[in-house]
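Chemist: Have a look at the structure that comes next, please.
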Amino acid sequence: MIKYSTLKEKLKLEILNGNVEDLAYFTHYLQNHKNGVAHSYEKRAKDYYKTIFEDLSLTSEPELQAMLPIKWDVPFPAPEKPEFTFIDLFAGIGGFRIPMQELGGNCVFSSEFNYHAQRAYEFNFGEVPFGDITKLNTNIVPKHDILCAGFPCQPFSISGKMKGFEDTRGTLIYHVFEIIEKHQPKVIFLENVKHLVYHNKKRTLATIVQHLEEMGYVVSKKVLNASDFGIPQNRERIIIIGHKNTKFDFSKIEQKTKPTLKEFLDKKK
Ligand SMILES: C[S@@+](CC[C@H](N)C(=O)[O-])C[C@H]1O[C@@H](n2cnc3c(N)ncnc32)[C@H](O)[C@@H]1O
């Protein structure tokens with residue numbers, strides 16, 4: 001079984017050379033080859049694999065299939081026996097992916113357009129996210145159980161200009177709606193800054209909720225603070241959950257005692 005780090009070195013899979021889309025197809029194919037969704041990525045992945053061999057003038061070309069499965073020697077590998085699937089939109093460096101994997105989730109698609117975040121994500125998970133969601137061919141997004149999206153918050157944040165839907169970043173949520181409309185995942189899991197609650201006299205949030213309801217979801221929402229969940233930071237975020245038939249009950253979430261920053265700092269040697 002070949003290690004991901006070995007394959008990466010051998011094929012010079014380096015995101016620095018700007019080949020993000022090919023690498024996204026290729027790594028998504030490697031990650032998903034046994035869960036039934038690989039066909040979305042297969043053709044481009046195999047074409048890319050051939051091209052690498054030609055470019056690197058490698059002599060023997062083992063079939064890509066012959067290299068699978070890969071041994072994922074990355075900090076956060078996918079669970080061995082996944083229990084559900086999810087997609088990771090506006091993936092950043094993977095704040096959604098880590099806990100979803102810990103809960104038994106298999107990520108079948110990721111998208112993030114910031115170069116540095118893409119590199120960190122690849123380092124963390126062995127997968128290069130697809131880029132700009134506005135340019136995405138949504139046909140490649142596979143069916144999934146849970147859609148996760150921490151969509152950009154600057155248009156709604158007090159520290160931003162609060163232009164909301166007038167800011168092009170504010171309309172990115174409509175690309176998320178397009179994916180929801182098509183795949184009808186069982187659960188929608190959205191996250192944003194607390195101020196989204198009050199933005200544009202509460203109309204922005206109402207519009208988002210209304211869209212989800214029109215697509216057949218029962219919506220629940222609550223502002224949660226990271227400091228109630230074992231993190232030494234007052235970080236308030238609105239969590240919006242859409243479920244196909246049940247209202248999500250936030251009162252059942254287990255909270256932890258507030259930690260202090262000191263508990264997280266390295267001790268002086
Ligand atoms: C609020 S952050 C999400 C952070 C993420 N939840 C994490 O754990 O790191 C929003 C992310 O959306 C990305 N983004 C903004 N516009 C995008 C677009 N058009 N396509 C893809 N990603 C985009 C930004 O680069 C940023 O990383």
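Here, A, B, ... name the chains of the structure tokens in the order displayed, residue numbers run from 1 inside each chain, and ligands are numbered from 1 in the same displayed order.
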I'd like the contact shell of stretch 137-148 of chain A - 6 Å cut-off, only C-alpha atoms, skipping same-chain residues fewer than 6 positions apart - returned as a list in words.
Modeler: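 Using only C-alpha atoms, the neighbours found are Ser40, Thr85, Phe86, Ile87, Asp88, His183, Pro185, Lys186, Val187, Ile188, Phe189 and Leu190 of chain A.
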Chemist: Within 7 Å of A:Gly150, counting only C-alpha atoms, which residues show up once you throw out same-chain ones fewer than 6 positions away? Write them as a ChimeraX atom specification, please.
Modeler: /A:89-90,190-192
Chemist: Keeping only N, CA and C atoms, write the selected residues as a PDB file, in the first residue's frame.
Modeler:
ATOM      1  N   LEU A  89     -18.062  23.219   2.157  1.00  0.00           N
ATOM      2  CA  LEU A  89     -17.998  24.404   1.296  1.00  0.00           C
ATOM      3  C   LEU A  89     -17.387  25.567   2.064  1.00  0.00           C
ATOM      4  N   PHE A  90     -16.651  26.456   1.374  1.00  0.00           N
ATOM      5  CA  PHE A  90     -15.903  27.542   2.021  1.00  0.00           C
ATOM      6  C   PHE A  90     -15.055  26.902   3.121  1.00  0.00           C
ATOM      7  N   LEU A 190     -25.046  25.427   8.540  1.00  0.00           N
ATOM      8  CA  LEU A 190     -24.427  26.693   8.145  1.00  0.00           C
ATOM      9  C   LEU A 190     -23.901  27.441   9.365  1.00  0.00           C
ATOM     10  N   GLU A 191     -22.852  28.213   9.158  1.00  0.00           N
ATOM     11  CA  GLU A 191     -22.246  28.962  10.271  1.00  0.00           C
ATOM     12  C   GLU A 191     -21.903  30.359   9.794  1.00  0.00           C
ATOM     13  N   ASN A 192     -22.131  31.353  10.636  1.00  0.00           N
ATOM     14  CA  ASN A 192     -21.743  32.713  10.261  1.00  0.00           C
ATOM     15  C   ASN A 192     -21.545  33.566  11.524  1.00  0.00           C
TER      16      ASN A 192
END
Chemist: Give me, as a ChimeraX atom specification, the set of residues whose atoms come within 6 Å of any atom of ligand 1, counting only C-alpha atoms and all ligand atoms.
Modeler: /A:90-96,111-114,131-134,150-153
Chemist: Apply DSSP to the structure's backbone, then extract all residues of stretch 208-262 of chain A labelled strand (DSSP E or B) and return them as JSON, numbers by chain.
Modeler: {"A": [218, 219, 220, 221, 222, 223, 224, 225, 236, 237, 238, 239, 240, 241, 242, 243]}
Chemist: Neighbouring residues of stretch 253-256 of chain A were defined as those with any atom within 6 Å, considering only C-alpha atoms; residues of the same chain fewer than 2 positions away were excluded. Please report them as a list of chain:residue names.
Modeler: A:Asp228, A:Phe229, A:Gly230, A:Phe250, A:Ser251
Chemist: Pick out the closest residue to A:Lys46 from this set: A:Ala226, A:Leu172, A:Gln65, A:Thr6. Count only C-alpha atoms.
Modeler: A:Gln65
Chemist: Identify all residues of stretch 196-261 of chain A in helix (DSSP H, G or I) (DSSP on the backbone) and supply them as a list in words.
Modeler: Leu196, Val197, Arg203, Thr204, Leu205, Ala206, Thr207, Ile208, Val209, Gln210, His211, Leu212, Glu213, Glu214, Ala226, Ser227, Asp228, Phe229, Phe250, Ser251, Lys252 and Leu261 of chain A
Chemist: What does the structure give for the distance between atom CA of A:Phe177 and atom CA of A:Pro129, in Å to one decimal?
Modeler: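 We find that atom CA of A:Phe177 and atom CA of A:Pro129 lie 19.2 Å from each other.
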Chemist: Leaving out A:Glu14 and any residue of its chain fewer than 6 positions from it, which residues lie within 12 Å of it when counting only C-alpha atoms, given as a PyMOL selection string?
Modeler: chain A and resi 5+7-8+20+22-24+26-27+52+118-119+122-123+126-128
Chemist: Store the residues picked out above in a file with N, CA and C atoms, as a PDB file, in the first residue's frame.
Modeler:
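Dumped to out_10.pdb:
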ATOM      1  N   SER A   5       2.198  10.410   1.287  1.00  0.00           N
ATOM      2  CA  SER A   5       3.394  11.263   1.232  1.00  0.00           C
ATOM      3  C   SER A   5       4.372  10.772   0.154  1.00  0.00           C
ATOM      4  N   LEU A   7       3.529   9.031  -2.623  1.00  0.00           N
ATOM      5  CA  LEU A   7       2.918   9.321  -3.924  1.00  0.00           C
ATOM      6  C   LEU A   7       3.085  10.808  -4.274  1.00  0.00           C
ATOM      7  N   LYS A   8       2.892  11.618  -3.249  1.00  0.00           N
ATOM      8  CA  LYS A   8       2.976  13.071  -3.431  1.00  0.00           C
ATOM      9  C   LYS A   8       4.386  13.471  -3.894  1.00  0.00           C
ATOM     10  N   VAL A  20      -4.257  23.833  -9.509  1.00  0.00           N
ATOM     11  CA  VAL A  20      -5.191  23.496  -8.436  1.00  0.00           C
ATOM     12  C   VAL A  20      -6.350  22.616  -8.896  1.00  0.00           C
ATOM     13  N   ASP A  22      -6.670  20.498 -11.457  1.00  0.00           N
ATOM     14  CA  ASP A  22      -6.262  19.112 -11.714  1.00  0.00           C
ATOM     15  C   ASP A  22      -6.006  18.374 -10.402  1.00  0.00           C
ATOM     16  N   LEU A  23      -5.313  19.064  -9.500  1.00  0.00           N
ATOM     17  CA  LEU A  23      -5.013  18.428  -8.210  1.00  0.00           C
ATOM     18  C   LEU A  23      -6.281  18.168  -7.395  1.00  0.00           C
ATOM     19  N   ALA A  24      -7.254  19.051  -7.549  1.00  0.00           N
ATOM     20  CA  ALA A  24      -8.527  18.841  -6.842  1.00  0.00           C
ATOM     21  C   ALA A  24      -9.191  17.568  -7.378  1.00  0.00           C
ATOM     22  N   PHE A  26      -7.738  15.085  -8.905  1.00  0.00           N
ATOM     23  CA  PHE A  26      -6.893  13.929  -8.616  1.00  0.00           C
ATOM     24  C   PHE A  26      -7.028  13.486  -7.150  1.00  0.00           C
ATOM     25  N   THR A  27      -6.907  14.442  -6.227  1.00  0.00           N
ATOM     26  CA  THR A  27      -6.959  14.059  -4.802  1.00  0.00           C
ATOM     27  C   THR A  27      -8.382  13.651  -4.388  1.00  0.00           C
ATOM     28  N   ILE A  52       1.105  13.680 -15.830  1.00  0.00           N
ATOM     29  CA  ILE A  52       2.241  13.793 -14.896  1.00  0.00           C
ATOM     30  C   ILE A  52       3.351  12.856 -15.342  1.00  0.00           C
ATOM     31  N   GLN A 118      -6.012  26.538   0.793  1.00  0.00           N
ATOM     32  CA  GLN A 118      -5.971  25.287   0.010  1.00  0.00           C
ATOM     33  C   GLN A 118      -4.744  24.460   0.366  1.00  0.00           C
ATOM     34  N   ARG A 119      -3.623  25.135   0.534  1.00  0.00           N
ATOM     35  CA  ARG A 119      -2.381  24.413   0.877  1.00  0.00           C
ATOM     36  C   ARG A 119      -2.487  23.782   2.261  1.00  0.00           C
ATOM     37  N   GLU A 122      -4.813  20.804   2.106  1.00  0.00           N
ATOM     38  CA  GLU A 122      -4.153  19.628   1.505  1.00  0.00           C
ATOM     39  C   GLU A 122      -3.203  18.992   2.514  1.00  0.00           C
ATOM     40  N   PHE A 123      -2.490  19.821   3.239  1.00  0.00           N
ATOM     41  CA  PHE A 123      -1.574  19.306   4.259  1.00  0.00           C
ATOM     42  C   PHE A 123      -2.345  18.536   5.339  1.00  0.00           C
ATOM     43  N   GLY A 126      -4.922  15.728   2.878  1.00  0.00           N
ATOM     44  CA  GLY A 126      -4.525  15.025   1.654  1.00  0.00           C
ATOM     45  C   GLY A 126      -5.528  15.242   0.538  1.00  0.00           C
ATOM     46  N   GLU A 127      -6.166  16.402   0.540  1.00  0.00           N
ATOM     47  CA  GLU A 127      -7.141  16.703  -0.518  1.00  0.00           C
ATOM     48  C   GLU A 127      -7.048  18.192  -0.853  1.00  0.00           C
ATOM     49  N   VAL A 128      -6.945  18.491  -2.147  1.00  0.00           N
ATOM     50  CA  VAL A 128      -6.931  19.883  -2.578  1.00  0.00           C
ATOM     51  C   VAL A 128      -8.380  20.282  -2.869  1.00  0.00           C
TER      52      VAL A 128
END
Chemist: Skip A:Gly104 itself and residues of its chain fewer than 6 positions away, then list as an NGL selection string all residues within 10 Å of it, counting only C-alpha atoms.
Modeler: :A and (78-85)
Chemist: My list of candidates is A:Arg237, A:Lys244, A:Lys201, A:Lys221. Which is closest to A:Ile180 when distances are computed with only C-alpha atoms?
Modeler: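 Closest residue, counting only C-alpha atoms: A:Lys244.
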Chemist: State, in Å with one decimal place, the distance from atom CA of A:Ile2 to atom CA of A:Tyr115.
Modeler: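 Separating atom CA of A:Ile2 from atom CA of A:Tyr115 is a distance of 27.0 Å.
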Chemist: Return the single residue from A:Ile70, A:Val176, A:Leu64, A:Leu103 that is closest to A:Lys43, with distances computed using only C-alpha atoms.
Modeler: A:Leu64
